[in-house]
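Q: The file below is my_file.pdb, PDB, C-alpha atoms and all ligand atoms:
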```
ATOM      1  CA  MET A 820     -63.069  -9.371 -73.700  1.00  0.00           C
ATOM      2  CA  SER A 821     -61.344  -6.100 -74.018  1.00  0.00           C
ATOM      3  CA  HIS A 822     -64.556  -4.772 -75.553  1.00  0.00           C
ATOM      4  CA  SER A 823     -66.789  -5.563 -72.588  1.00  0.00           C
ATOM      5  CA  HIS A 824     -67.865  -2.533 -70.628  1.00  0.00           C
ATOM      6  CA  GLN A 825     -67.293  -4.106 -67.226  1.00  0.00           C
ATOM      7  CA  SER A 826     -63.598  -4.523 -67.902  1.00  0.00           C
ATOM      8  CA  ASP A 827     -62.792  -1.115 -69.312  1.00  0.00           C
ATOM      9  CA  PRO A 828     -59.132  -0.417 -68.661  1.00  0.00           C
ATOM     10  CA  LEU A 829     -58.273   2.019 -65.894  1.00  0.00           C
ATOM     11  CA  LEU A 830     -56.054   3.995 -68.171  1.00  0.00           C
ATOM     12  CA  PRO A 831     -57.830   5.513 -71.153  1.00  0.00           C
ATOM     13  CA  GLY A 832     -56.556   4.847 -74.658  1.00  0.00           C
ATOM     14  CA  ILE A 833     -54.872   1.505 -73.991  1.00  0.00           C
ATOM     15  CA  SER A 834     -56.240  -2.005 -74.028  1.00  0.00           C
ATOM     16  CA  MET A 835     -56.565  -4.343 -71.045  1.00  0.00           C
ATOM     17  CA  MET A 836     -53.693  -6.358 -72.478  1.00  0.00           C
ATOM     18  CA  GLN A 837     -51.421  -3.327 -72.615  1.00  0.00           C
ATOM     19  CA  GLU A 838     -52.555  -2.310 -69.176  1.00  0.00           C
ATOM     20  CA  ARG A 839     -51.713  -5.752 -67.775  1.00  0.00           C
ATOM     21  CA  LEU A 840     -48.178  -5.251 -69.002  1.00  0.00           C
ATOM     22  CA  LEU A 841     -47.896  -1.587 -68.167  1.00  0.00           C
ATOM     23  CA  VAL A 842     -49.174  -1.545 -64.600  1.00  0.00           C
ATOM     24  CA  PRO A 843     -46.572  -3.956 -63.158  1.00  0.00           C
ATOM     25  CA  ILE A 844     -43.861  -2.077 -65.013  1.00  0.00           C
ATOM     26  CA  LEU A 845     -45.017   1.229 -63.558  1.00  0.00           C
ATOM     27  CA  VAL A 846     -45.290  -0.279 -60.085  1.00  0.00           C
ATOM     28  CA  THR A 847     -41.777  -1.687 -60.410  1.00  0.00           C
ATOM     29  CA  LEU A 848     -40.384   1.630 -61.603  1.00  0.00           C
ATOM     30  CA  LEU A 849     -42.068   3.439 -58.741  1.00  0.00           C
ATOM     31  CA  GLY A 850     -40.536   0.972 -56.313  1.00  0.00           C
ATOM     32  CA  VAL A 851     -37.094   1.492 -57.789  1.00  0.00           C
ATOM     33  CA  VAL A 852     -37.461   5.268 -57.570  1.00  0.00           C
ATOM     34  CA  LEU A 853     -38.647   5.108 -53.967  1.00  0.00           C
ATOM     35  CA  LEU A 854     -35.994   2.646 -52.850  1.00  0.00           C
ATOM     36  CA  THR A 855     -33.027   4.217 -54.603  1.00  0.00           C
ATOM     37  CA  PRO A 856     -31.115   6.477 -52.249  1.00  0.00           C
ATOM     38  CA  ARG A 857     -31.246   9.837 -53.865  1.00  0.00           C
ATOM     39  CA  VAL A 858     -27.889  11.347 -54.657  1.00  0.00           C
ATOM     40  CA  ALA A 859     -29.198  14.879 -54.591  1.00  0.00           C
ATOM     41  CA  SER A 860     -31.981  15.299 -52.074  1.00  0.00           C
ATOM     42  CA  ALA A 861     -34.599  18.023 -52.320  1.00  0.00           C
ATOM     43  CA  ASP A 862     -32.669  19.794 -49.597  1.00  0.00           C
ATOM     44  CA  ALA A 863     -29.456  19.787 -51.578  1.00  0.00           C
ATOM     45  CA  ARG A 864     -31.250  21.089 -54.659  1.00  0.00           C
ATOM     46  CA  ARG A 865     -32.703  23.922 -52.630  1.00  0.00           C
ATOM     47  CA  GLY A 866     -29.285  24.612 -51.203  1.00  0.00           C
ATOM     48  CA  GLN A 867     -27.858  24.701 -54.708  1.00  0.00           C
ATOM     49  CA  LEU A 868     -30.347  27.394 -55.732  1.00  0.00           C
ATOM     50  CA  LEU A 869     -29.601  29.435 -52.627  1.00  0.00           C
ATOM     51  CA  TYR A 870     -25.891  29.074 -53.191  1.00  0.00           C
ATOM     52  CA  GLU A 871     -26.082  29.987 -56.860  1.00  0.00           C
ATOM     53  CA  ASN A 872     -28.213  33.021 -56.084  1.00  0.00           C
ATOM     54  CA  HIS A 873     -26.151  34.438 -53.244  1.00  0.00           C
ATOM     55  CA  CYS A 874     -22.725  32.980 -53.084  1.00  0.00           C
ATOM     56  CA  THR A 875     -21.125  32.643 -56.493  1.00  0.00           C
ATOM     57  CA  ALA A 876     -20.433  36.348 -56.952  1.00  0.00           C
ATOM     58  CA  CYS A 877     -16.981  36.012 -55.382  1.00  0.00           C
ATOM     59  CA  HIS A 878     -15.943  32.428 -55.620  1.00  0.00           C
ATOM     60  CA  GLU A 879     -16.672  29.805 -58.158  1.00  0.00           C
ATOM     61  CA  SER A 880     -16.951  26.335 -56.777  1.00  0.00           C
ATOM     62  CA  VAL A 881     -13.169  25.861 -56.972  1.00  0.00           C
ATOM     63  CA  VAL A 882     -12.806  27.398 -53.529  1.00  0.00           C
ATOM     64  CA  HIS A 883     -14.373  24.241 -52.105  1.00  0.00           C
ATOM     65  CA  VAL A 884     -11.932  21.842 -53.677  1.00  0.00           C
ATOM     66  CA  ARG A 885      -8.666  23.758 -53.342  1.00  0.00           C
ATOM     67  CA  GLU A 886      -5.900  22.011 -51.489  1.00  0.00           C
ATOM     68  CA  ASP A 887      -5.820  24.095 -48.328  1.00  0.00           C
ATOM     69  CA  ARG A 888      -9.538  24.486 -48.033  1.00  0.00           C
ATOM     70  CA  LYS A 889     -10.840  25.844 -44.786  1.00  0.00           C
ATOM     71  CA  ALA A 890     -13.733  23.507 -44.217  1.00  0.00           C
ATOM     72  CA  THR A 891     -12.391  20.161 -43.071  1.00  0.00           C
ATOM     73  CA  SER A 892     -15.581  18.787 -41.546  1.00  0.00           C
ATOM     74  CA  LEU A 893     -19.349  19.187 -41.709  1.00  0.00           C
ATOM     75  CA  ALA A 894     -19.136  21.580 -38.789  1.00  0.00           C
ATOM     76  CA  GLY A 895     -16.486  23.468 -40.708  1.00  0.00           C
ATOM     77  CA  ILE A 896     -18.717  23.870 -43.748  1.00  0.00           C
ATOM     78  CA  ARG A 897     -21.545  24.976 -41.501  1.00  0.00           C
ATOM     79  CA  LYS A 898     -19.299  27.540 -39.849  1.00  0.00           C
ATOM     80  CA  GLN A 899     -18.355  29.013 -43.211  1.00  0.00           C
ATOM     81  CA  VAL A 900     -21.944  29.058 -44.459  1.00  0.00           C
ATOM     82  CA  VAL A 901     -23.081  30.772 -41.263  1.00  0.00           C
ATOM     83  CA  ARG A 902     -20.220  33.214 -41.573  1.00  0.00           C
ATOM     84  CA  TRP A 903     -20.902  34.080 -45.196  1.00  0.00           C
ATOM     85  CA  SER A 904     -24.653  34.255 -44.902  1.00  0.00           C
ATOM     86  CA  SER A 905     -24.389  36.679 -41.995  1.00  0.00           C
ATOM     87  CA  GLU A 906     -21.685  38.654 -43.765  1.00  0.00           C
ATOM     88  CA  LEU A 907     -24.107  39.094 -46.664  1.00  0.00           C
ATOM     89  CA  GLU A 908     -26.960  39.796 -44.229  1.00  0.00           C
ATOM     90  CA  LEU A 909     -29.124  37.102 -45.790  1.00  0.00           C
ATOM     91  CA  GLU A 910     -30.830  36.262 -42.498  1.00  0.00           C
ATOM     92  CA  TRP A 911     -30.746  32.561 -43.250  1.00  0.00           C
ATOM     93  CA  GLY A 912     -32.313  30.290 -40.674  1.00  0.00           C
ATOM     94  CA  PRO A 913     -31.285  26.710 -39.883  1.00  0.00           C
ATOM     95  CA  GLU A 914     -33.314  25.478 -42.880  1.00  0.00           C
ATOM     96  CA  GLU A 915     -31.429  27.524 -45.447  1.00  0.00           C
ATOM     97  CA  ILE A 916     -28.081  26.963 -43.811  1.00  0.00           C
ATOM     98  CA  GLY A 917     -28.715  23.225 -43.593  1.00  0.00           C
ATOM     99  CA  SER A 918     -29.696  23.073 -47.268  1.00  0.00           C
ATOM    100  CA  VAL A 919     -26.591  24.917 -48.429  1.00  0.00           C
ATOM    101  CA  VAL A 920     -24.340  22.811 -46.193  1.00  0.00           C
ATOM    102  CA  GLU A 921     -25.918  19.684 -47.618  1.00  0.00           C
ATOM    103  CA  PHE A 922     -25.510  20.948 -51.163  1.00  0.00           C
ATOM    104  CA  LEU A 923     -21.851  21.872 -50.691  1.00  0.00           C
ATOM    105  CA  ASN A 924     -21.118  18.618 -48.922  1.00  0.00           C
ATOM    106  CA  THR A 925     -22.932  16.484 -51.486  1.00  0.00           C
ATOM    107  CA  ARG A 926     -21.306  18.258 -54.395  1.00  0.00           C
ATOM    108  CA  TYR A 927     -17.807  18.996 -53.153  1.00  0.00           C
ATOM    109  CA  TYR A 928     -16.735  17.918 -49.710  1.00  0.00           C
ATOM    110  CA  GLY A 929     -18.284  14.523 -49.045  1.00  0.00           C
ATOM    111  CA  PHE A 930     -17.870  14.398 -45.275  1.00  0.00           C
ATOM    112  CA  GLY A 931     -20.540  11.798 -44.604  1.00  0.00           C
ATOM    113  CA  LYS A 932     -24.154  12.306 -43.721  1.00  0.00           C
ATOM    114  CA  VAL A 933     -25.545  15.734 -42.960  1.00  0.00           C
ATOM    115  CA  ARG A 934     -27.585  15.657 -39.805  1.00  0.00           C
ATOM    116  CA  LYS A 935     -30.550  17.982 -39.589  1.00  0.00           C
ATOM    117  CA  GLN A 936     -30.352  20.195 -36.577  1.00  0.00           C
TER     118      GLN A 936
HETATM  119  C1  LIG B   1     -17.673  38.874 -50.803  1.00  0.00           C
HETATM  120  C2  LIG B   1     -17.198  37.709 -51.514  1.00  0.00           C
HETATM  121  C3  LIG B   1     -17.792  36.356 -51.095  1.00  0.00           C
HETATM  122  C4  LIG B   1     -19.119  36.037 -51.041  1.00  0.00           C
HETATM  123  C5  LIG B   1     -20.316  36.864 -51.493  1.00  0.00           C
HETATM  124  C6  LIG B   1     -19.197  34.676 -50.523  1.00  0.00           C
HETATM  125  N1  LIG B   1     -17.932  34.208 -50.280  1.00  0.00           N
HETATM  126 FE1  LIG B   1     -17.487  32.368 -49.518  1.00  0.00          FE
HETATM  127  N2  LIG B   1     -15.484  32.832 -49.575  1.00  0.00           N
HETATM  128  C7  LIG B   1     -14.955  34.011 -50.070  1.00  0.00           C
HETATM  129  C8  LIG B   1     -13.511  33.956 -49.977  1.00  0.00           C
HETATM  130  C9  LIG B   1     -12.530  35.056 -50.415  1.00  0.00           C
HETATM  131  C10 LIG B   1     -13.200  32.686 -49.406  1.00  0.00           C
HETATM  132  C11 LIG B   1     -11.821  32.092 -49.089  1.00  0.00           C
HETATM  133  C12 LIG B   1     -11.056  32.828 -48.048  1.00  0.00           C
HETATM  134  C13 LIG B   1     -11.716  32.825 -46.713  1.00  0.00           C
HETATM  135  O1  LIG B   1     -12.266  31.801 -46.280  1.00  0.00           O
HETATM  136  O2  LIG B   1     -11.656  33.869 -46.056  1.00  0.00           O
HETATM  137  C14 LIG B   1     -14.467  32.016 -49.170  1.00  0.00           C
HETATM  138  C15 LIG B   1     -14.595  30.751 -48.619  1.00  0.00           C
HETATM  139  C16 LIG B   1     -15.790  30.082 -48.430  1.00  0.00           C
HETATM  140  C17 LIG B   1     -15.895  28.745 -47.872  1.00  0.00           C
HETATM  141  C18 LIG B   1     -14.759  27.883 -47.374  1.00  0.00           C
HETATM  142  C19 LIG B   1     -14.140  27.134 -48.535  1.00  0.00           C
HETATM  143  C20 LIG B   1     -13.060  26.192 -48.046  1.00  0.00           C
HETATM  144  O3  LIG B   1     -11.893  26.600 -48.047  1.00  0.00           O
HETATM  145  O4  LIG B   1     -13.408  25.047 -47.671  1.00  0.00           O
HETATM  146  C21 LIG B   1     -17.219  28.429 -47.864  1.00  0.00           C
HETATM  147  C22 LIG B   1     -17.861  27.126 -47.395  1.00  0.00           C
HETATM  148  C23 LIG B   1     -17.941  29.570 -48.388  1.00  0.00           C
HETATM  149  N3  LIG B   1     -17.038  30.548 -48.737  1.00  0.00           N
HETATM  150  C24 LIG B   1     -19.288  29.623 -48.518  1.00  0.00           C
HETATM  151  C25 LIG B   1     -19.972  30.728 -48.963  1.00  0.00           C
HETATM  152  C26 LIG B   1     -21.411  30.803 -48.993  1.00  0.00           C
HETATM  153  C27 LIG B   1     -22.366  29.708 -48.548  1.00  0.00           C
HETATM  154  C28 LIG B   1     -21.724  32.033 -49.482  1.00  0.00           C
HETATM  155  C29 LIG B   1     -23.134  32.636 -49.682  1.00  0.00           C
HETATM  156  C30 LIG B   1     -23.932  32.708 -48.481  1.00  0.00           C
HETATM  157  C31 LIG B   1     -20.470  32.735 -49.765  1.00  0.00           C
HETATM  158  N4  LIG B   1     -19.446  31.900 -49.428  1.00  0.00           N
HETATM  159  C32 LIG B   1     -20.373  34.002 -50.295  1.00  0.00           C
HETATM  160  C33 LIG B   1     -15.670  35.092 -50.572  1.00  0.00           C
HETATM  161  C34 LIG B   1     -17.048  35.201 -50.626  1.00  0.00           C
END
```
Any chance you could give the structure as structure tokens?
Ligand code: HEC
A:
Amino acid sequence: MSHSHQSDPLLPGISMMQERLLVPILVTLLGVVLLTPRVASADARRGQLLYENHCTACHESVVHVREDRKATSLAGIRKQVVRWSSELELEWGPEEIGSVVEFLNTRYYGFGKVRKQ
């Protein structure tokens, strides 16, 4: 039956039998991907790029895990990111600042969920 033209597989190059096995597997994988809480969100990845481009000239990441670190809350991280981005005249808006805060918090601080402003 896999040779009948009415039942050509949707995916080229594989038989109906393979497709019957493959499709549920793909659907399951998709479900797992969609349902798994992402450790690094797109926001955090963007923040990482921004941070690596603009902020690692002076401090390596160790500044964020030292014992007497300045940021002791999400608001504290935000304050520092605002401070540094304006010091460097980067003209970051809430989007950029939020992304970098989320990146730093996800990677180093872990103060609970970042709320978008
Ligand atoms: C000109 C050098 C320099 C640049 C560039 C710089 N920083 Fe910093 N940063 C420092 C120094 C020095 C400290 C620690 C002393 C202090 O807070 O004054 C610090 C501390 C911090 C802290 C607080 C760390 C803690 O103790 O919890 C954060 C957050 C931070 N920086 C973020 C950034 C971000 C985001 C950028 C890029 C927009 C940036 N920094 C760019 C020098 C710099």
Q: Could you state the separation of atom CA of Glu906 of chain A and atom C12 of ligand LIG 1 (chain B) in Å, given to one decimal place?
A: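 Atom-to-atom, atom CA of Glu906 of chain A to atom C12 of ligand LIG 1 (chain B), that is 12.9 Å.
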Q: Suppose a student applies the PyMOL selection byres (((not hetatm)) within 6 of (chain B and resi 1)) to this structure; what residues should they get, written as a PyMOL selection string?
A: chain A and resi 870+873-874+876-878+882-883+888-890+896+899-900+903-904
Q: Just to confirm, what's the straight-line distance from atom CA of Glu886 of chain A to atom CA of Phe922 of chain A in Å (one decimal)?
A: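 Between these atoms lies a distance of 19.6 Å.
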Q: Do you have the atom CA of Thr891 of chain A-atom CA of Leu869 of chain A distance handy?
A: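 About the pair atom CA of Thr891 of chain A and atom CA of Leu869 of chain A: they are 21.8 Å apart.
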Q: Of the residues A:Gly832, A:Gly931, A:Gly912, A:Pro843, which is the one nearest to Ala894 of chain A, using only C-alpha atoms?
A: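 Checking each candidate against Ala894 of chain A, we get A:Gly931 as the closest.
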Q: Using all atoms of segment 838-848 of chain A listed in the file and a margin of 8 Å per side, can you give the axis-aligned box centre and edge lengths in Å to one decimal, as JSON?
A:
```
{"center_x": -46.5, "center_y": -2.1, "center_z": -64.6, "size_x": 28.2, "size_y": 23.4, "size_z": 25.1}
```
Q: Once the PyMOL selection byres (((chain A and resi 926) around 10) and not hetatm) has been applied to the shown file, what residues remain in the selection, as a list in words?
A: Val858, Ala859, Ala863, Gln867, Ser880, His883, Val920, Glu921, Phe922, Leu923, Asn924, Thr925, Tyr927, Tyr928 and Gly929 of chain A
Q: Between A:Arg865, A:Phe930, A:Glu879, A:Leu830, single out the one closest to Arg897 of chain A, counting all atoms listed in the file.
A: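 The answer is A:Phe930, which sits nearest to Arg897 of chain A.
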